[in-house]
file target.txt (compact mmCIF, C-alpha atoms and all ligand atoms)
# COMPACT_ATOMS: atom_id res chain seq x y z
CA MET A 1 0.00 0.00 0.00
CA LEU A 2 2.61 2.49 1.15
CA THR A 3 4.81 1.82 -1.87
CA ASN A 4 2.03 1.56 -4.45
CA ALA A 5 0.96 4.69 -6.32
CA PRO A 6 -2.83 5.22 -6.40
CA LYS A 7 -4.70 3.44 -9.19
CA GLY A 8 -4.66 5.29 -12.49
CA THR A 9 -1.51 7.32 -11.72
CA LYS A 10 1.96 6.91 -13.15
CA ASP A 11 5.37 7.99 -11.93
CA MET A 12 7.72 9.56 -14.40
CA MET A 13 11.01 7.88 -13.55
CA PRO A 14 14.31 9.65 -14.38
CA GLU A 15 15.06 7.24 -17.27
CA GLU A 16 12.00 8.56 -19.08
CA GLY A 17 12.56 12.21 -18.30
CA TYR A 18 14.21 12.98 -21.62
CA LYS A 19 11.03 12.08 -23.54
CA TRP A 20 8.88 14.42 -21.50
CA HIS A 21 11.46 17.21 -21.67
CA TYR A 22 11.68 16.81 -25.43
CA LEU A 23 7.91 16.96 -25.87
CA GLU A 24 7.54 19.94 -23.54
CA GLU A 25 10.39 21.93 -25.08
CA LYS A 26 9.11 21.32 -28.59
CA PHE A 27 5.61 22.33 -27.57
CA ALA A 28 6.79 25.59 -25.98
CA ASP A 29 8.81 26.27 -29.10
CA ILE A 30 5.97 25.76 -31.56
CA CYS A 31 3.69 27.92 -29.38
CA ARG A 32 6.26 30.70 -29.59
CA ARG A 33 6.37 30.38 -33.38
CA TYR A 34 2.57 30.60 -33.56
CA GLY A 35 2.37 33.53 -31.12
CA PHE A 36 0.80 31.75 -28.13
CA GLN A 37 1.79 32.70 -24.57
CA GLU A 38 1.81 30.40 -21.58
CA ILE A 39 -0.75 30.65 -18.80
CA ARG A 40 -0.62 28.74 -15.49
CA THR A 41 -3.62 28.26 -13.25
CA PRO A 42 -4.11 26.33 -9.99
CA VAL A 43 -4.52 22.56 -9.90
CA PHE A 44 -7.82 23.03 -8.06
CA GLU A 45 -10.76 25.37 -8.64
CA HIS A 46 -14.23 25.96 -7.22
CA THR A 47 -16.38 23.00 -8.27
CA GLU A 48 -18.97 25.33 -9.77
CA LEU A 49 -16.52 26.44 -12.47
CA PHE A 50 -16.49 22.98 -14.00
CA GLN A 51 -20.23 22.46 -13.52
CA ARG A 52 -20.68 25.56 -15.68
CA GLY A 53 -17.63 25.42 -17.88
CA VAL A 54 -17.64 21.72 -18.72
CA GLY A 55 -21.37 21.23 -18.25
CA ASP A 56 -23.68 19.46 -15.84
CA THR A 57 -24.70 16.84 -18.38
CA THR A 58 -21.21 15.64 -19.29
CA ASP A 59 -19.53 12.43 -18.12
CA ILE A 60 -16.76 14.53 -16.61
CA VAL A 61 -19.05 16.46 -14.27
CA GLN A 62 -21.47 13.64 -13.58
CA LYS A 63 -19.01 10.95 -12.61
CA GLU A 64 -15.36 11.76 -13.17
CA MET A 65 -14.46 14.70 -10.92
CA TYR A 66 -12.25 14.58 -7.84
CA THR A 67 -14.38 16.81 -5.65
CA PHE A 68 -14.02 17.42 -1.93
CA ASN A 69 -14.88 19.99 0.72
CA ASP A 70 -11.95 21.90 2.16
CA PHE A 71 -11.79 22.65 5.88
CA ALA A 72 -13.85 25.81 5.41
CA GLY A 73 -16.58 23.77 3.73
CA ARG A 74 -15.98 25.03 0.16
CA SER A 75 -16.48 22.55 -2.64
CA ILE A 76 -13.18 22.18 -4.48
CA THR A 77 -12.41 20.11 -7.58
CA LEU A 78 -9.10 18.97 -9.03
CA ARG A 79 -8.95 20.32 -12.57
CA PRO A 80 -10.37 17.71 -15.00
CA GLU A 81 -9.54 19.84 -18.07
CA GLY A 82 -7.79 23.05 -18.98
CA THR A 83 -10.17 25.34 -20.83
CA SER A 84 -12.51 26.49 -18.07
CA PRO A 85 -9.70 27.43 -15.64
CA VAL A 86 -8.00 29.41 -18.41
CA VAL A 87 -11.27 31.20 -19.14
CA ARG A 88 -11.74 31.88 -15.41
CA ALA A 89 -8.25 33.36 -15.06
CA TRP A 90 -8.60 35.44 -18.22
CA VAL A 91 -11.89 36.91 -17.02
CA GLU A 92 -10.61 37.45 -13.46
CA HIS A 93 -7.52 39.30 -14.71
CA LYS A 94 -9.50 41.21 -17.33
CA GLY A 95 -7.62 39.64 -20.20
CA TYR A 96 -10.36 41.06 -22.44
CA ALA A 97 -9.08 44.60 -21.72
CA GLY A 98 -5.73 43.79 -23.37
CA VAL A 99 -4.76 43.25 -27.01
CA GLN A 100 -7.17 40.90 -28.78
CA PRO A 101 -7.32 38.12 -29.67
CA SER A 102 -5.65 36.44 -26.67
CA LYS A 103 -3.59 33.44 -27.72
CA LEU A 104 -2.81 31.21 -24.74
CA TYR A 105 -1.26 27.82 -24.13
CA TYR A 106 -0.96 25.53 -21.14
CA ASN A 107 0.92 22.43 -20.01
CA ILE A 108 -0.89 20.83 -17.07
CA PRO A 109 -1.82 17.72 -15.10
CA CYS A 110 -5.55 16.82 -15.12
CA TYR A 111 -7.60 14.56 -12.88
CA ARG A 112 -10.54 12.37 -13.81
CA TYR A 113 -11.99 9.44 -11.90
CA GLU A 114 -12.16 7.05 -14.86
CA LYS A 115 -11.67 3.35 -15.35
CA PRO A 116 -7.91 3.13 -15.92
CA GLN A 117 -6.82 1.37 -19.11
CA SER A 118 -4.26 1.86 -21.82
CA GLY A 119 -4.27 5.58 -22.69
CA ARG A 120 -6.73 6.37 -19.91
CA LEU A 121 -5.42 7.47 -16.53
CA ARG A 122 -6.78 9.22 -13.46
CA GLU A 123 -3.92 11.65 -13.38
CA PHE A 124 -2.88 12.52 -16.93
CA HIS A 125 -1.21 15.44 -18.65
CA GLN A 126 -2.38 17.82 -21.30
CA PHE A 127 -1.09 20.48 -23.57
CA GLY A 128 -3.69 22.96 -24.71
CA VAL A 129 -4.08 26.09 -26.79
CA GLU A 130 -6.90 28.64 -26.81
CA ILE A 131 -7.71 31.73 -28.85
CA PHE A 132 -10.17 34.13 -27.21
CA GLY A 133 -11.74 37.01 -29.10
CA ALA A 134 -11.59 35.79 -32.72
CA SER A 135 -14.67 34.64 -34.60
CA ASP A 136 -13.00 34.34 -38.01
CA MET A 137 -12.62 30.72 -39.12
CA LEU A 138 -8.96 31.47 -39.74
CA ALA A 139 -8.59 31.24 -35.93
CA ASP A 140 -10.06 27.71 -36.00
CA ALA A 141 -7.69 26.80 -38.81
CA GLU A 142 -4.76 28.32 -36.93
CA VAL A 143 -5.57 26.28 -33.83
CA ILE A 144 -5.87 23.12 -35.93
CA ALA A 145 -2.67 23.99 -37.79
CA ILE A 146 -0.58 24.28 -34.63
CA GLY A 147 -1.90 20.89 -33.48
CA ASN A 148 -1.27 19.36 -36.88
CA ASP A 149 2.25 20.76 -37.17
CA PHE A 150 3.15 19.73 -33.62
CA ILE A 151 1.94 16.17 -34.17
CA ARG A 152 3.93 15.90 -37.43
CA GLU A 153 7.03 17.52 -35.94
CA MET A 154 6.94 14.91 -33.18
CA GLY A 155 7.37 12.24 -35.83
CA ILE A 156 3.82 10.93 -35.78
CA THR A 157 2.86 9.64 -39.19
CA ASP A 158 -0.32 7.74 -38.48
CA VAL A 159 -2.91 10.31 -37.47
CA GLU A 160 -6.08 11.55 -39.11
CA LEU A 161 -7.72 14.91 -38.60
CA GLN A 162 -11.50 14.59 -38.48
CA ILE A 163 -13.67 17.67 -38.48
CA ASN A 164 -17.34 18.46 -37.99
CA SER A 165 -19.69 21.29 -37.11
CA VAL A 166 -21.98 21.10 -34.08
CA GLY A 167 -23.92 24.17 -35.21
CA CYS A 168 -25.12 26.84 -32.82
CA PRO A 169 -28.00 27.10 -30.33
CA ASN A 170 -30.21 28.35 -33.18
CA CYS A 171 -29.89 25.35 -35.45
CA ARG A 172 -29.10 22.69 -32.85
CA GLN A 173 -32.61 22.58 -31.38
CA LYS A 174 -34.12 21.27 -34.63
CA HIS A 175 -31.45 18.61 -34.89
CA ARG A 176 -31.95 17.63 -31.28
CA ASP A 177 -35.67 17.14 -31.87
CA ALA A 178 -35.04 15.08 -35.00
CA LEU A 179 -32.45 12.96 -33.21
CA ARG A 180 -34.81 12.26 -30.31
CA GLU A 181 -37.54 11.34 -32.77
CA PHE A 182 -35.15 8.94 -34.54
CA LEU A 183 -33.95 7.33 -31.30
CA LYS A 184 -37.34 7.09 -29.60
CA PRO A 185 -38.18 3.57 -30.87
CA LYS A 186 -34.66 2.40 -29.94
CA TYR A 187 -34.61 4.03 -26.50
CA ASP A 188 -34.83 0.78 -24.51
CA GLU A 189 -31.80 -0.68 -26.27
CA LEU A 190 -29.52 2.30 -25.51
CA CYS A 191 -26.86 1.93 -22.80
CA ASP A 192 -27.73 3.48 -19.43
CA THR A 193 -25.51 6.50 -19.99
CA CYS A 194 -27.16 7.20 -23.32
CA LYS A 195 -30.63 6.80 -21.81
CA SER A 196 -29.88 9.82 -19.65
CA ARG A 197 -28.15 11.58 -22.55
CA TYR A 198 -31.40 11.16 -24.52
CA GLU A 199 -32.99 13.85 -22.36
CA THR A 200 -30.05 16.03 -21.45
CA ASN A 201 -27.70 15.91 -24.37
CA PRO A 202 -28.74 13.54 -27.19
CA MET A 203 -25.96 14.62 -29.55
CA ARG A 204 -23.43 12.84 -27.32
CA ILE A 205 -25.15 9.52 -28.08
CA LEU A 206 -23.58 9.83 -31.52
CA ASP A 207 -20.09 9.42 -30.09
CA CYS A 208 -20.91 6.76 -27.49
CA LYS A 209 -18.17 4.13 -27.45
CA SER A 210 -20.58 1.19 -26.95
CA PRO A 211 -20.79 -0.94 -30.14
CA ILE A 212 -24.53 -1.53 -29.58
CA ASP A 213 -25.20 2.21 -29.46
CA GLN A 214 -22.94 2.72 -32.46
CA GLU A 215 -25.18 0.30 -34.36
CA LEU A 216 -28.34 2.05 -33.13
CA VAL A 217 -27.27 5.50 -34.34
CA LYS A 218 -26.61 4.29 -37.89
CA GLY A 219 -28.74 6.42 -40.21
CA ALA A 220 -29.46 8.98 -37.48
CA PRO A 221 -30.00 12.60 -38.52
CA MET A 222 -26.66 14.44 -38.52
CA MET A 223 -26.05 18.02 -37.41
CA LEU A 224 -24.35 18.82 -40.72
CA ASP A 225 -27.73 18.49 -42.45
CA TYR A 226 -29.35 20.90 -40.02
CA LEU A 227 -26.86 23.79 -40.01
CA CYS A 228 -28.31 27.30 -40.34
CA ASP A 229 -26.92 29.47 -43.14
CA GLU A 230 -24.35 31.12 -40.88
CA CYS A 231 -23.03 27.81 -39.53
CA LYS A 232 -23.02 26.25 -42.99
CA GLU A 233 -20.99 29.14 -44.34
CA ALA A 234 -18.59 28.94 -41.39
CA PHE A 235 -17.97 25.25 -42.04
CA GLU A 236 -17.21 25.91 -45.71
CA ASP A 237 -14.94 28.74 -44.63
CA LEU A 238 -13.13 26.44 -42.18
CA LYS A 239 -12.49 23.90 -44.91
CA ALA A 240 -11.20 26.58 -47.27
CA ASN A 241 -8.83 27.83 -44.55
CA LEU A 242 -7.56 24.31 -43.86
CA ASP A 243 -6.94 23.91 -47.59
CA ALA A 244 -4.98 27.16 -47.56
CA PHE A 245 -2.80 25.76 -44.77
CA GLY A 246 -2.42 22.57 -46.82
CA ILE A 247 -3.89 20.46 -44.03
CA GLU A 248 -5.62 17.19 -44.90
CA TYR A 249 -8.83 16.24 -43.11
CA THR A 250 -11.90 14.07 -43.36
CA VAL A 251 -15.40 15.15 -42.35
CA ASN A 252 -16.82 12.92 -39.62
CA PRO A 253 -20.37 14.00 -38.68
CA LYS A 254 -20.12 12.03 -35.42
CA ILE A 255 -17.41 14.19 -33.84
CA VAL A 256 -19.24 16.19 -31.17
CA ARG A 257 -18.70 18.57 -28.31
CA GLY A 258 -22.20 18.26 -27.00
CA LEU A 259 -22.84 21.37 -24.92
CA ASP A 260 -24.80 24.50 -25.61
CA TYR A 261 -21.78 26.76 -25.43
CA TYR A 262 -19.87 24.75 -28.00
CA THR A 263 -20.51 26.10 -31.46
CA LYS A 264 -19.57 25.32 -35.04
CA THR A 265 -16.13 23.71 -35.31
CA ALA A 266 -15.42 20.36 -33.62
CA PHE A 267 -12.39 18.23 -34.44
CA GLU A 268 -10.17 15.39 -33.30
CA PHE A 269 -6.78 14.04 -34.29
CA ILE A 270 -7.11 10.26 -34.18
CA THR A 271 -4.51 7.53 -34.50
CA THR A 272 -5.03 3.81 -35.01
CA LYS A 273 -1.63 2.99 -33.47
CA ILE A 274 -2.49 2.92 -29.77
CA GLY A 275 -5.73 0.95 -29.52
CA ALA A 276 -9.19 2.07 -28.46
CA GLN A 277 -8.13 5.39 -26.86
CA GLY A 278 -6.89 6.78 -30.16
CA THR A 279 -7.81 10.46 -29.82
CA VAL A 280 -4.57 12.30 -29.15
CA CYS A 281 -6.07 15.77 -29.49
CA GLY A 282 -9.63 17.10 -29.41
CA GLY A 283 -11.07 20.57 -29.59
CA GLY A 284 -13.44 23.03 -31.11
CA ARG A 285 -15.14 26.38 -30.91
CA TYR A 286 -16.98 27.54 -27.79
CA ASP A 287 -18.52 30.93 -28.51
CA GLY A 288 -20.84 30.80 -25.48
CA LEU A 289 -18.42 29.58 -22.81
CA ILE A 290 -16.73 32.78 -21.69
CA GLU A 291 -20.07 34.46 -21.10
CA GLU A 292 -21.35 31.32 -19.36
CA VAL A 293 -18.63 31.53 -16.73
CA GLY A 294 -19.26 35.22 -16.11
CA GLY A 295 -17.13 37.09 -18.67
CA PRO A 296 -18.13 39.42 -21.50
CA SER A 297 -19.54 37.64 -24.54
CA THR A 298 -16.37 36.57 -26.38
CA PRO A 299 -15.78 33.84 -28.95
CA GLY A 300 -13.23 31.12 -28.22
CA VAL A 301 -11.60 28.18 -29.94
CA GLY A 302 -8.97 25.68 -28.78
CA TRP A 303 -7.94 22.11 -28.11
CA GLY A 304 -6.52 19.76 -25.48
CA MET A 305 -3.91 17.12 -26.23
CA GLY A 306 -3.05 14.10 -24.09
CA LYS A 307 0.71 13.96 -23.48
CA GLU A 308 0.70 10.26 -22.50
CA ARG A 309 -1.16 9.39 -25.69
CA MET A 310 1.25 11.53 -27.71
CA LEU A 311 4.23 9.65 -26.26
CA MET A 312 2.55 6.29 -26.87
CA THR A 313 1.84 7.24 -30.48
CA MET A 314 5.37 8.54 -31.02
CA GLU A 315 6.75 5.27 -29.76
CA ALA A 316 4.36 3.27 -31.95
CA CYS A 317 5.42 5.34 -34.98
CA GLY A 318 9.11 4.84 -34.21
CA ALA A 319 9.65 8.57 -33.73
CA GLN A 320 13.22 9.44 -32.78
CA ILE A 321 13.58 11.16 -29.42
CA PRO A 322 17.11 12.47 -28.85
CA ASP A 323 18.76 11.37 -25.62
CA GLU A 324 19.62 14.17 -23.24
CA GLU A 325 23.30 14.87 -22.65
CA GLY A 326 24.50 13.30 -19.43
CA THR A 327 27.56 14.05 -17.32
CA GLU A 328 30.35 15.58 -19.41
CA VAL A 329 33.10 15.53 -16.84
CA PHE A 330 33.78 13.45 -13.75
CA ILE A 331 36.44 14.75 -11.40
CA ALA A 332 38.14 11.98 -9.41
CA VAL A 333 40.13 13.18 -6.39
CA MET A 334 42.66 11.97 -3.84
CA GLY A 335 43.36 13.51 -0.43
CA GLU A 336 41.85 16.54 1.28
CA GLU A 337 43.70 19.10 -0.89
CA GLY A 338 42.71 17.22 -4.04
CA LYS A 339 39.09 17.29 -2.94
CA LYS A 340 39.19 21.06 -2.35
CA ALA A 341 40.78 21.69 -5.74
CA GLY A 342 38.19 19.37 -7.31
CA VAL A 343 35.31 21.29 -5.79
CA ARG A 344 36.75 24.61 -7.05
CA LEU A 345 37.17 23.24 -10.55
CA MET A 346 33.69 21.67 -10.52
CA LYS A 347 32.19 25.02 -9.52
CA ASP A 348 34.04 26.87 -12.29
CA LEU A 349 33.03 24.31 -14.93
CA ARG A 350 29.39 24.34 -13.85
CA GLU A 351 29.35 28.13 -14.12
CA GLU A 352 30.42 27.66 -17.74
CA GLY A 353 27.42 25.41 -18.34
CA ILE A 354 29.33 22.13 -18.29
CA ALA A 355 27.72 19.12 -16.56
CA VAL A 356 30.22 17.98 -13.90
CA GLN A 357 30.09 15.54 -11.03
CA MET A 358 32.37 14.43 -8.22
CA ASP A 359 31.99 11.50 -5.89
CA VAL A 360 29.92 12.34 -2.81
CA ALA A 361 29.88 8.86 -1.31
CA GLY A 362 33.47 8.58 0.01
CA ARG A 363 34.72 6.14 -2.68
CA ASN A 364 38.41 5.36 -3.14
CA LEU A 365 40.06 6.32 -6.43
CA LYS A 366 39.44 2.99 -8.13
CA ASN A 367 35.76 3.06 -7.27
CA GLN A 368 35.48 6.69 -8.33
CA PHE A 369 36.57 5.58 -11.82
CA LYS A 370 34.12 2.68 -11.76
CA HIS A 371 31.41 5.14 -10.83
CA ALA A 372 32.43 7.53 -13.64
CA ASN A 373 31.96 4.62 -16.04
CA ARG A 374 28.57 3.67 -14.66
CA ILE A 375 27.20 7.20 -15.07
CA HIS A 376 28.66 7.33 -18.61
CA ALA A 377 30.80 10.41 -17.96
CA ALA A 378 32.31 11.55 -21.26
CA LYS A 379 35.58 12.71 -19.70
CA THR A 380 37.44 12.24 -16.42
CA ILE A 381 40.02 14.34 -14.62
CA VAL A 382 42.12 13.18 -11.62
CA ILE A 383 43.35 15.58 -8.97
CA GLY A 384 45.82 14.25 -6.38
CA ASP A 385 49.08 15.33 -4.77
CA SER A 386 51.22 15.00 -7.92
CA GLU A 387 48.75 17.06 -10.00
CA LEU A 388 48.65 19.74 -7.34
CA GLU A 389 52.43 19.81 -7.32
CA SER A 390 52.91 19.97 -11.10
CA GLY A 391 49.94 22.25 -11.68
CA LYS A 392 48.93 20.07 -14.65
CA LEU A 393 45.80 17.97 -15.07
CA THR A 394 45.10 15.13 -17.47
CA ILE A 395 41.74 15.12 -19.24
CA LYS A 396 40.83 11.60 -20.33
CA ASP A 397 38.27 10.97 -23.05
CA MET A 398 36.41 7.89 -21.85
CA THR A 399 35.32 6.78 -25.33
CA SER A 400 38.61 7.07 -27.21
CA GLY A 401 40.89 6.70 -24.21
CA GLU A 402 42.85 9.71 -25.46
CA GLN A 403 44.60 11.75 -22.76
CA THR A 404 45.42 15.46 -22.89
CA GLU A 405 47.59 17.30 -20.41
CA VAL A 406 46.46 20.84 -19.60
CA ALA A 407 47.70 23.45 -17.13
CA MET A 408 45.30 23.65 -14.18
CA ASP A 409 44.23 27.23 -14.89
CA GLU A 410 43.49 26.38 -18.53
CA VAL A 411 41.20 23.41 -17.89
CA VAL A 412 37.99 25.43 -17.97
CA ALA A 413 38.93 27.00 -21.30
CA ALA A 414 39.98 23.64 -22.72
CA LEU A 415 36.71 21.98 -21.78
CA LYS A 416 34.55 24.95 -22.86
CA LYS A 417 35.72 24.52 -26.46
P1 LIG B 501 -11.94 10.46 -24.65
O1 LIG B 501 -12.92 10.41 -25.76
O2 LIG B 501 -10.70 9.71 -24.93
O3 LIG B 501 -12.55 10.16 -23.30
P2 LIG B 501 -12.30 13.22 -24.01
O4 LIG B 501 -13.26 13.72 -25.01
O5 LIG B 501 -12.78 12.91 -22.65
O6 LIG B 501 -11.48 11.97 -24.58
P3 LIG B 501 -10.94 15.75 -23.86
O7 LIG B 501 -11.65 16.24 -22.68
O8 LIG B 501 -11.23 16.32 -25.19
O9 LIG B 501 -11.03 14.16 -23.94
O10 LIG B 501 -9.35 15.83 -23.55
C1 LIG B 501 -8.37 16.12 -24.55
C2 LIG B 501 -7.37 15.00 -24.67
O11 LIG B 501 -6.86 14.60 -23.41
C3 LIG B 501 -7.91 13.71 -25.25
O12 LIG B 501 -7.97 13.78 -26.64
C4 LIG B 501 -6.89 12.70 -24.78
O13 LIG B 501 -5.75 12.72 -25.60
C5 LIG B 501 -6.52 13.23 -23.43
N1 LIG B 501 -7.25 12.53 -22.36
C6 LIG B 501 -8.54 12.71 -21.95
N2 LIG B 501 -8.85 11.92 -20.91
C7 LIG B 501 -7.71 11.21 -20.63
C8 LIG B 501 -7.37 10.22 -19.64
N3 LIG B 501 -8.24 9.84 -18.73
N4 LIG B 501 -6.12 9.72 -19.65
C9 LIG B 501 -5.20 10.10 -20.57
N5 LIG B 501 -5.46 11.03 -21.52
C10 LIG B 501 -6.70 11.58 -21.55
MG MG B 502 -13.37 11.15 -21.70
call {"tool": "encode", "arguments": {"input": "target.txt", "output": "structure tokens", "more": "lines below"}}
Ligand code: ATP
Ligand code: MG
result
Amino acid sequence: MLTNAPKGTKDMMPEEGYKWHYLEEKFADICRRYGFQEIRTPVFEHTELFQRGVGDTTDIVQKEMYTFNDFAGRSITLRPEGTSPVVRAWVEHKGYAGVQPSKLYYNIPCYRYEKPQSGRLREFHQFGVEIFGASDMLADAEVIAIGNDFIREMGITDVELQINSVGCPNCRQKHRDALREFLKPKYDELCDTCKSRYETNPMRILDCKSPIDQELVKGAPMMLDYLCDECKEAFEDLKANLDAFGIEYTVNPKIVRGLDYYTKTAFEFITTKIGAQGTVCGGGRYDGLIEEVGGPSTPGVGWGMGKERMLMTMEACGAQIPDEEGTEVFIAVMGEEGKKAGVRLMKDLREEGIAVQMDVAGRNLKNQFKHANRIHAAKTIVIGDSELESGKLTIKDMTSGEQTEVAMDEVVAALKK
């Protein structure tokens, strides 16, 4: 118990660190190129934010949230997703008073009480991007483009972009009625979750994962056939913008973000390489959300991307992740004076940005060398009485075995190259 992590969580052990660092650095870099700025918000928020911002009728709010009362009796929830906290912070800090649109990105842990399986954890990690204050479909295309480029730059070859429109509150009502009418005779066969969705949020039945429900919705009326003129035009505009970016996509009328404040664009990047949980990135437009959580009426569009699923897909696609550089120099020392000189040299080298280590476990010289080998130090230097006397140090290249003698006060310059 004490040495088992809670179900659905995963430790990142140091051997894997380089993969996460690589992904995170590349993400920050592409966000810079696209003009997005980072935002950080707390891990927990008032529960009400998610009830409003994610929606009372969603799986997340109904059964997946880590919610508890703090000692003052406030209901607190661990963040299950990134968009509503970002909206909350932007409204609280009057982001709308600054230059528009606001282009924001985040890199966060999220918490959902789900049934753990491959690609589905209780603590998982997301990247996300959001654009607030832009209703032009070029913003939707831009958001899709950064996701698309990032996925490709990470060496993922097997992924498909699927797009759809979920309309707007004006046209959705007619579709909802038609969908209910269509499903009425099949109601008893629906899974329990979809039975409740039938009343609250029937569009979500379309993307139910149950094979029985998938069969039942075959031939169901699709939102794309019910779009009002404005939404229809927006969808055409989106496609034209994606073409301009040179981004390939397929239209999948079953991709949904089934809440009233989600409007028009919905999309997912899906891979077949990692099994059933193949959506690495999902997003869309939410023109009603900012107002719903108490801000001025402002359009928004964005996505969330699962980092674990990204790493799994990269691995499955054989993407190359460069190893991080390890220890460049190991300083082996003998005697008290040698140790002092070693520490001074180590400090100087570190200040020059060189990765240096010394033994801190009281090893003798032979074992210090063994240790240098085990940590794959690229070079070693010995400092003992004779080196202190001659004022010369020998730098040994551990791969080639080549040895170079350098005056003590020139070692830093020699290693800096
Ligand atoms: P799914 O259909 O897989 O349940 P979702 O619609 O609940 O996904 P979003 O809320 O759109 O997911 O989250 C964005 C992304 O975060 C997903 O596309 C996925 O990559 C990742 N993600 C979501 N839930 C989990 C989880 N429990 N474990 C790992 N990654 C997740
Ligand atoms: Mg989910």
call {"tool": "residues_around", "arguments": {"input": "target.txt", "residues": "Lys103 in chain A", "least_positions_apart": "4", "cutoff": "10 Å", "atoms": "only C-alpha atoms", "output": "mmCIF file with C-alpha atoms, in the coordinates of the input"}}
result
data_model
loop_
_atom_site.group_PDB
_atom_site.id
_atom_site.type_symbol
_atom_site.label_atom_id
_atom_site.label_comp_id
_atom_site.auth_asym_id
_atom_site.auth_seq_id
_atom_site.Cartn_x
_atom_site.Cartn_y
_atom_site.Cartn_z
ATOM 1 C CA CYS A 31 3.690 27.920 -29.380
ATOM 2 C CA TYR A 34 2.570 30.600 -33.560
ATOM 3 C CA GLY A 35 2.370 33.530 -31.120
ATOM 4 C CA PHE A 36 0.800 31.750 -28.130
ATOM 5 C CA GLN A 37 1.790 32.700 -24.570
ATOM 6 C CA GLU A 38 1.810 30.400 -21.580
ATOM 7 C CA ILE A 39 -0.750 30.650 -18.800
ATOM 8 C CA VAL A 99 -4.760 43.250 -27.010
ATOM 9 C CA VAL A 129 -4.080 26.090 -26.790
ATOM 10 C CA GLU A 130 -6.900 28.640 -26.810
ATOM 11 C CA ILE A 131 -7.710 31.730 -28.850
ATOM 12 C CA PHE A 132 -10.170 34.130 -27.210
ATOM 13 C CA GLY A 133 -11.740 37.010 -29.100
ATOM 14 C CA ALA A 134 -11.590 35.790 -32.720
ATOM 15 C CA ALA A 139 -8.590 31.240 -35.930
ATOM 16 C CA VAL A 143 -5.570 26.280 -33.830
ATOM 17 C CA GLY A 300 -13.230 31.120 -28.220
ATOM 18 C CA VAL A 301 -11.600 28.180 -29.940
ATOM 19 C CA GLY A 302 -8.970 25.680 -28.780
#
call {"tool": "closest_residue", "arguments": {"input": "target.txt", "among": "A:Lys174, A:Arg374, A:Lys264, A:Arg79", "to": "ligand LIG 501 (chain B)", "atoms": "all atoms listed in the file"}}
result
A:Arg79
call {"tool": "atom_distance", "arguments": {"input": "target.txt", "atom1": "CA of Glu387 in chain A", "atom2": "CA of Ile375 in chain A"}}
result
24.2 Å
call {"tool": "residues_near_point", "arguments": {"input": "target.txt", "point": "(-18.5, 6.4, -30.0)", "cutoff": "12 Å", "atoms": "all atoms listed in the file", "output": "PDB file with C-alpha atoms, keeping the file's coordinate frame"}}
result
ATOM      1  CA  CYS A 191     -26.860   1.930 -22.800  1.00  0.00           C
ATOM      2  CA  CYS A 194     -27.160   7.200 -23.320  1.00  0.00           C
ATOM      3  CA  MET A 203     -25.960  14.620 -29.550  1.00  0.00           C
ATOM      4  CA  ARG A 204     -23.430  12.840 -27.320  1.00  0.00           C
ATOM      5  CA  ILE A 205     -25.150   9.520 -28.080  1.00  0.00           C
ATOM      6  CA  LEU A 206     -23.580   9.830 -31.520  1.00  0.00           C
ATOM      7  CA  ASP A 207     -20.090   9.420 -30.090  1.00  0.00           C
ATOM      8  CA  CYS A 208     -20.910   6.760 -27.490  1.00  0.00           C
ATOM      9  CA  LYS A 209     -18.170   4.130 -27.450  1.00  0.00           C
ATOM     10  CA  SER A 210     -20.580   1.190 -26.950  1.00  0.00           C
ATOM     11  CA  PRO A 211     -20.790  -0.940 -30.140  1.00  0.00           C
ATOM     12  CA  ILE A 212     -24.530  -1.530 -29.580  1.00  0.00           C
ATOM     13  CA  ASP A 213     -25.200   2.210 -29.460  1.00  0.00           C
ATOM     14  CA  GLN A 214     -22.940   2.720 -32.460  1.00  0.00           C
ATOM     15  CA  GLU A 215     -25.180   0.300 -34.360  1.00  0.00           C
ATOM     16  CA  LEU A 216     -28.340   2.050 -33.130  1.00  0.00           C
ATOM     17  CA  VAL A 217     -27.270   5.500 -34.340  1.00  0.00           C
ATOM     18  CA  LYS A 218     -26.610   4.290 -37.890  1.00  0.00           C
ATOM     19  CA  ASN A 252     -16.820  12.920 -39.620  1.00  0.00           C
ATOM     20  CA  PRO A 253     -20.370  14.000 -38.680  1.00  0.00           C
ATOM     21  CA  LYS A 254     -20.120  12.030 -35.420  1.00  0.00           C
ATOM     22  CA  ILE A 255     -17.410  14.190 -33.840  1.00  0.00           C
ATOM     23  CA  VAL A 256     -19.240  16.190 -31.170  1.00  0.00           C
ATOM     24  CA  ALA A 276      -9.190   2.070 -28.460  1.00  0.00           C
ATOM     25  CA  GLN A 277      -8.130   5.390 -26.860  1.00  0.00           C
ATOM     26  CA  GLY A 278      -6.890   6.780 -30.160  1.00  0.00           C
ATOM     27  CA  THR A 279      -7.810  10.460 -29.820  1.00  0.00           C
TER      28      THR A 279
END
call {"tool": "residues_around", "arguments": {"input": "target.txt", "residues": "Lys26 in chain A", "least_positions_apart": "3", "cutoff": "9 Å", "atoms": "all atoms listed in the file", "output": "ChimeraX atom specification"}}
result
/A:21-23,29-31,150,153-154
call {"tool": "residues_near_ligand", "arguments": {"input": "target.txt", "ligand": "ligand MG 502 (chain B)", "cutoff": "12 Å", "atoms": "only C-alpha atoms and all ligand atoms", "output": "PyMOL selection string"}}
result
chain A and resi 54+58-65+80-81+110-116+119-122+124+204+207-209+257+277-282+304+306
call {"tool": "axis_aligned_box", "arguments": {"input": "target.txt", "around": "ligand LIG 501 (chain B)", "padding_each_side": "5 Å", "output": "lines of an AutoDock Vina configuration file"}}
result
center_x = -9.2
center_y = 13.0
center_z = -22.7
size_x = 18.1
size_y = 16.6
size_z = 17.9
